Structures are given as structure tokens and as C-alpha cells.
Amino acid sequence: MVRTQVRVRYADTDAMGVVYHANYLVWFEVGRNELMRAWGAPYVDFERRGVMVPVTEAQVKWVYPARYDDLLDVETRVERLTPARITFAYRISRAEDGRLCCEGSTTHAFLGPSGRAGALPKLAPELWDLFHRRLEQGA
């Protein structure tokens with residue numbers, strides 16, 4: 001699990017002063033990128049090898065509203081890894097009191113240079129091995 005912090009900007013809120021719902025997906029991406037970087041495989045490493053990792057599914061459950069200037073903790077972990085897909089799980093809570101604001105997940109496919117679905121062990125064996133090792137270590 002990797003924890004990242006983001007601060008709610010005024011531009012992130014709606015007319016009621018509450019974080020606009022779609023911004024949580026942006027913060028999921030922030031968390032996901034930081035996890036991949038912390039694991040030694042930033043997303044740019046996938047792209048350099050011609051591997052794209054698009055979102056194929058997203059699930060979000062909003063629990064409590066975040067507001068302007070709240071400092072948020074974004075906790076990200078890999079929930080599932082298969083040769084064809086990876087699923088990340090997220091929890092976003094207020095740093096001030098730990099109040100859960102939102103939780104969810106995103107599933108991503110591995111696409112090869114042709115844009116077709118592929119198996120990560122074949123597309124980028126070193127990245128597959130790295131992610132597999134990290135999961136075994138409970139990272």
C-alpha cells in the first residue's frame with residue numbers, strides 16, 4: 001500500500017463547496033501513479049516498452065464529502081494482478097481526522113504496441129516479475 005496526499009483546490013469543488021465527484025477518479029490516478037513509481041515501475045516505463053494500461057472499469061463509493069482546502073490521504077494498493085489485467089483499490093480519507101470520503105477500484109488491461117490486448121509476462125517480462133515480486137512481499 002502506498003499513501004499519497006493531495007489538497008483540495010477551490011477548482012475541485014462544485015457550487016456547494018463540495019469536491020466534484022469526478023475528481024476522486026483523478027486522485028485515484030495520482031495514487032496509482034505514485035504506487036507504480038514507488039514499486040520501481042513508473043507508468044512511463046510501460047509506455048517506453050510500448051505497453052499501454054488503459055482503464056477498463058471503475059467503481060467508486062462516495063461516503064463523506066471532502067471540501068475546499070481539506071488535506072486528503074489517498075491509499076492505493078494492487079488488489080489483483082493477472083497476465084492480462086491489473087486492479088487497483090483506493091481509499092481516500094481526510095488527513096485531519098481519518099474520515100473516509102470515498103473508496104473504489106479501477107481495472108486496467110495491458111495492451112501491446114499494436115493496441116491489442118496482451119499478456120504482460122510476454123509484453124514486458126521484467127515488469128511482470130517486478131509486480132509479481134512486490135505482491136508476494138506484501139508491498
# chains A, B, ... in the order shown; residues from 1 in each chain; ligands from 1

call {"tool": "residues_around", "arguments": {"residues": "Leu120 of chain A", "least_positions_apart": "3", "cutoff": "7 Å", "atoms": "only C-alpha atoms", "output": "number ranges by chain"}}
result
A: 83-84, 110, 123-125, 128

call {"tool": "select_by_dssp", "arguments": {"residues": "segment 39-133 of chain A", "states": "alpha helix (DSSP H)", "output": "PDB file with N, CA and C atoms, in the first residue's frame"}}
result
ATOM      1  N   TYR A  43       4.720   4.598 -14.703  1.00  0.00           N
ATOM      2  CA  TYR A  43       3.925   4.348 -15.907  1.00  0.00           C
ATOM      3  C   TYR A  43       4.731   4.602 -17.182  1.00  0.00           C
ATOM      4  N   VAL A  44       5.617   5.569 -17.140  1.00  0.00           N
ATOM      5  CA  VAL A  44       6.426   5.885 -18.325  1.00  0.00           C
ATOM      6  C   VAL A  44       7.265   4.673 -18.755  1.00  0.00           C
ATOM      7  N   ASP A  45       7.651   3.811 -17.811  1.00  0.00           N
ATOM      8  CA  ASP A  45       8.397   2.593 -18.162  1.00  0.00           C
ATOM      9  C   ASP A  45       7.551   1.644 -19.014  1.00  0.00           C
ATOM     10  N   PHE A  46       6.252   1.589 -18.722  1.00  0.00           N
ATOM     11  CA  PHE A  46       5.363   0.766 -19.534  1.00  0.00           C
ATOM     12  C   PHE A  46       5.297   1.342 -20.951  1.00  0.00           C
ATOM     13  N   GLU A  47       5.094   2.659 -21.039  1.00  0.00           N
ATOM     14  CA  GLU A  47       4.978   3.306 -22.349  1.00  0.00           C
ATOM     15  C   GLU A  47       6.250   3.139 -23.177  1.00  0.00           C
ATOM     16  N   ARG A  48       7.401   3.233 -22.530  1.00  0.00           N
ATOM     17  CA  ARG A  48       8.672   3.054 -23.257  1.00  0.00           C
ATOM     18  C   ARG A  48       8.771   1.675 -23.893  1.00  0.00           C
ATOM     19  N   LEU A 120       1.011  -9.338 -19.977  1.00  0.00           N
ATOM     20  CA  LEU A 120       2.178  -8.610 -19.501  1.00  0.00           C
ATOM     21  C   LEU A 120       3.440  -9.481 -19.428  1.00  0.00           C
ATOM     22  N   PRO A 121       3.348 -10.760 -19.008  1.00  0.00           N
ATOM     23  CA  PRO A 121       4.571 -11.569 -18.975  1.00  0.00           C
ATOM     24  C   PRO A 121       5.265 -11.670 -20.336  1.00  0.00           C
ATOM     25  N   LYS A 122       4.514 -11.556 -21.422  1.00  0.00           N
ATOM     26  CA  LYS A 122       5.106 -11.603 -22.763  1.00  0.00           C
ATOM     27  C   LYS A 122       5.493 -10.207 -23.242  1.00  0.00           C
ATOM     28  N   LEU A 123       4.665  -9.206 -22.928  1.00  0.00           N
ATOM     29  CA  LEU A 123       4.918  -7.839 -23.388  1.00  0.00           C
ATOM     30  C   LEU A 123       6.118  -7.200 -22.692  1.00  0.00           C
ATOM     31  N   PRO A 125       8.317  -8.815 -19.616  1.00  0.00           N
ATOM     32  CA  PRO A 125       8.540  -9.805 -18.557  1.00  0.00           C
ATOM     33  C   PRO A 125       9.164  -9.218 -17.292  1.00  0.00           C
ATOM     34  N   GLU A 126      10.072  -8.233 -17.454  1.00  0.00           N
ATOM     35  CA  GLU A 126      10.714  -7.661 -16.265  1.00  0.00           C
ATOM     36  C   GLU A 126       9.710  -6.882 -15.409  1.00  0.00           C
ATOM     37  N   LEU A 127       8.736  -6.222 -16.033  1.00  0.00           N
ATOM     38  CA  LEU A 127       7.705  -5.509 -15.263  1.00  0.00           C
ATOM     39  C   LEU A 127       6.755  -6.495 -14.588  1.00  0.00           C
ATOM     40  N   TRP A 128       6.410  -7.576 -15.293  1.00  0.00           N
ATOM     41  CA  TRP A 128       5.583  -8.629 -14.698  1.00  0.00           C
ATOM     42  C   TRP A 128       6.287  -9.216 -13.475  1.00  0.00           C
ATOM     43  N   ASP A 129       7.571  -9.531 -13.612  1.00  0.00           N
ATOM     44  CA  ASP A 129       8.327 -10.101 -12.493  1.00  0.00           C
ATOM     45  C   ASP A 129       8.385  -9.130 -11.313  1.00  0.00           C
ATOM     46  N   LEU A 130       8.619  -7.856 -11.605  1.00  0.00           N
ATOM     47  CA  LEU A 130       8.689  -6.841 -10.555  1.00  0.00           C
ATOM     48  C   LEU A 130       7.371  -6.744  -9.791  1.00  0.00           C
ATOM     49  N   PHE A 131       6.263  -6.631 -10.512  1.00  0.00           N
ATOM     50  CA  PHE A 131       4.961  -6.522  -9.853  1.00  0.00           C
ATOM     51  C   PHE A 131       4.635  -7.797  -9.085  1.00  0.00           C
ATOM     52  N   HIS A 132       4.932  -8.938  -9.675  1.00  0.00           N
ATOM     53  CA  HIS A 132       4.681 -10.212  -9.015  1.00  0.00           C
ATOM     54  C   HIS A 132       5.467 -10.315  -7.715  1.00  0.00           C
ATOM     55  N   ARG A 133       6.748  -9.944  -7.752  1.00  0.00           N
ATOM     56  CA  ARG A 133       7.588  -9.963  -6.535  1.00  0.00           C
ATOM     57  C   ARG A 133       7.031  -9.033  -5.459  1.00  0.00           C
TER      58      ARG A 133
END

call {"tool": "closest_residue", "arguments": {"among": "A:Val63, A:Val26, A:Ala41, A:Val55", "to": "Cys102 of chain A", "atoms": "only C-alpha atoms"}}
result
A:Val63

call {"tool": "closest_residue", "arguments": {"among": "A:Ala11, A:Leu100, A:Ile86, A:Ala22", "to": "Glu57 of chain A", "atoms": "only C-alpha atoms"}}
result
A:Ile86

call {"tool": "atom_distance", "arguments": {"atom1": "atom CA of Ile92 of chain A", "atom2": "atom CA of Tyr24 of chain A"}}
result
8.1 Å

call {"tool": "residues_around", "arguments": {"residues": "Tyr64 of chain A", "least_positions_apart": "6", "cutoff": "12 Å", "atoms": "only C-alpha atoms", "output": "list in words"}}
result
Val18, Val19, His21, Arg91, Ile92, Ser93, Arg94, Gly98, Arg99, Leu100, Cys101, Cys102 and Glu103 of chain A

call {"tool": "closest_residue", "arguments": {"among": "A:Met36, A:Ala15, A:Ala109, A:Val78", "to": "Gly138 of chain A", "atoms": "only C-alpha atoms"}}
result
A:Val78

call {"tool": "closest_residue", "arguments": {"among": "A:Val53, A:Ala95, A:Leu81, A:Ala38", "to": "Gly112 of chain A", "atoms": "only C-alpha atoms"}}
result
A:Val53

call {"tool": "closest_residue", "arguments": {"among": "A:Pro54, A:Leu35, A:Arg134, A:Tyr90", "to": "Asp73 of chain A", "atoms": "only C-alpha atoms"}}
result
A:Tyr90

call {"tool": "residues_around", "arguments": {"residues": "Leu111 of chain A", "least_positions_apart": "2", "cutoff": "8 Å", "atoms": "only C-alpha atoms", "output": "PyMOL selection string"}}
result
chain A and resi 51-54+109+113-119

call {"tool": "atom_distance", "arguments": {"atom1": "atom CA of Val2 of chain A", "atom2": "atom CA of Arg77 of chain A"}}
result
6.5 Å
